[in-house]
Amino acid sequence: MPQDARDSRRRRTYTTHASTRGTTVAAAEEEFAGAFGLSPGAICGRDLCDLLLAPPPASLRHRFTDLTEGRSNRFTERVTGRDGAGRTFSANLTAIAVAGPDGPAGLVILLRHIGDADPAESSGLQTLSEIDARVLEGVAGGASTVQLASRLYMSRQGVEYRVGRLLRRFDAPNRPALVARAHGLGMFAMGQWPPRVLPDFVE
C-alpha cells in the first residue's frame with residue numbers, strides 16, 4: 001500500500017451504530033466494516049467486542065453497559081483489531097450514547113485507525129499451547145469431553161480443565177461462545193474441516 005494511502009487510512013475515522021441492548025453492530029459504513037475485512041452486510045449482527053483482540057470483552061462490555069444505563073455518555077478506549085489480511089492494527093474506539101425522546105436511542109461508535117499494532121498488545125490472547133490448540137479444535141468440531149480425552153490421550157478431568165481455562169481466557173460463558181470468539185479472532189483456517197488453529201496462534 002502506498003505511503004499516502006496508509007497515512008490517509010490512519011487519519012480517517014470510521015463509523016458504526018449499535019443498539020442500546022448490547023454491542024451488536026446494527027449498521028456500519030463500508031470503511032468501518034472493511035477495517036475488519038468484512039462487508040457492511042457481513043458485519044451487521046456481529047458482536048463488536050468479538051471482533052477485537054484487545055481489551056478483553058468483559059472490560060469493554062462493562063464500559064458499554066455504563067453508556068446504556070446512563071452512567072456515562074461517552075468513552076474512548078485503545079483497541080486492537082485484525083484486518084482482512086490477518087494484520088493487527090491499533091485504533092482509538094469512541095462510543096457515544098445517542099439520546100431519544102424516551103431515553104437512550106442507540107450508540108454511535110467511531111474507530112480511528114492509528115497504525116499497526118505492537119504484537120505485545122495482543123500476544124496474550126493470540127497464542128495457545130499445542131495442547132490447548134488441539135482442545136480448541138476439538139471443541140470447534142463438536143467433539144465431546146470423552147471423545148477429546150480419547151483423541152488426545154488425556155483424562156476427562158484434564159480435558160475439562162483445559163476447556164475451563166479456554167473459557168476464562170476468551171471470556172466465554174460456554175463452548176459455543178468460545179468457538180464464536182475464536183472464529184471472530186480469525187484463529188481458524190478458512191474453509192477447512194475439521195477446524196484447524198492457524199500456526200501463527202500456536203506457541
# chains A, B, ... in the order shown; residues from 1 in each chain; ligands from 1
call {"tool": "select_by_dssp", "arguments": {"residues": "segment 9-84 of chain A", "states": "strand (DSSP E or B)", "output": "PyMOL selection string"}}
result
chain A and resi 13-18+24-28+47+52-54+74-82
call {"tool": "closest_atom_pairs", "arguments": {"of": "segment 123-146 of chain A", "to": "segment 176-198 of chain A", "cutoff": "6 Å", "atoms": "only C-alpha atoms", "output": "CSV"}}
result
residue,atom,partner,partner_atom,distance
A:Glu137,CA,A:Pro195,CA,5.5
A:Ala140,CA,A:Val179,CA,5.5
A:Gly141,CA,A:Pro194,CA,5.9
call {"tool": "closest_residue", "arguments": {"among": "A:Val146, A:Ala35, A:Val108, A:Leu128", "to": "Gly84 of chain A", "atoms": "only C-alpha atoms"}}
result
A:Ala35
call {"tool": "closest_residue", "arguments": {"among": "A:Arg61, A:Thr68, A:Gly37, A:Tyr14", "to": "Gly86 of chain A", "atoms": "only C-alpha atoms"}}
result
A:Gly37
call {"tool": "residues_around", "arguments": {"residues": "Ile109 of chain A", "least_positions_apart": "3", "cutoff": "9 Å", "atoms": "only C-alpha atoms", "output": "VMD selection string"}}
result
chain A and resid 14 to 18 93 to 97
call {"tool": "residues_around", "arguments": {"residues": "Thr80 of chain A", "least_positions_apart": "6", "cutoff": "6 Å", "atoms": "only C-alpha atoms", "output": "VMD selection string"}}
result
chain A and resid 52 to 54 89 to 90
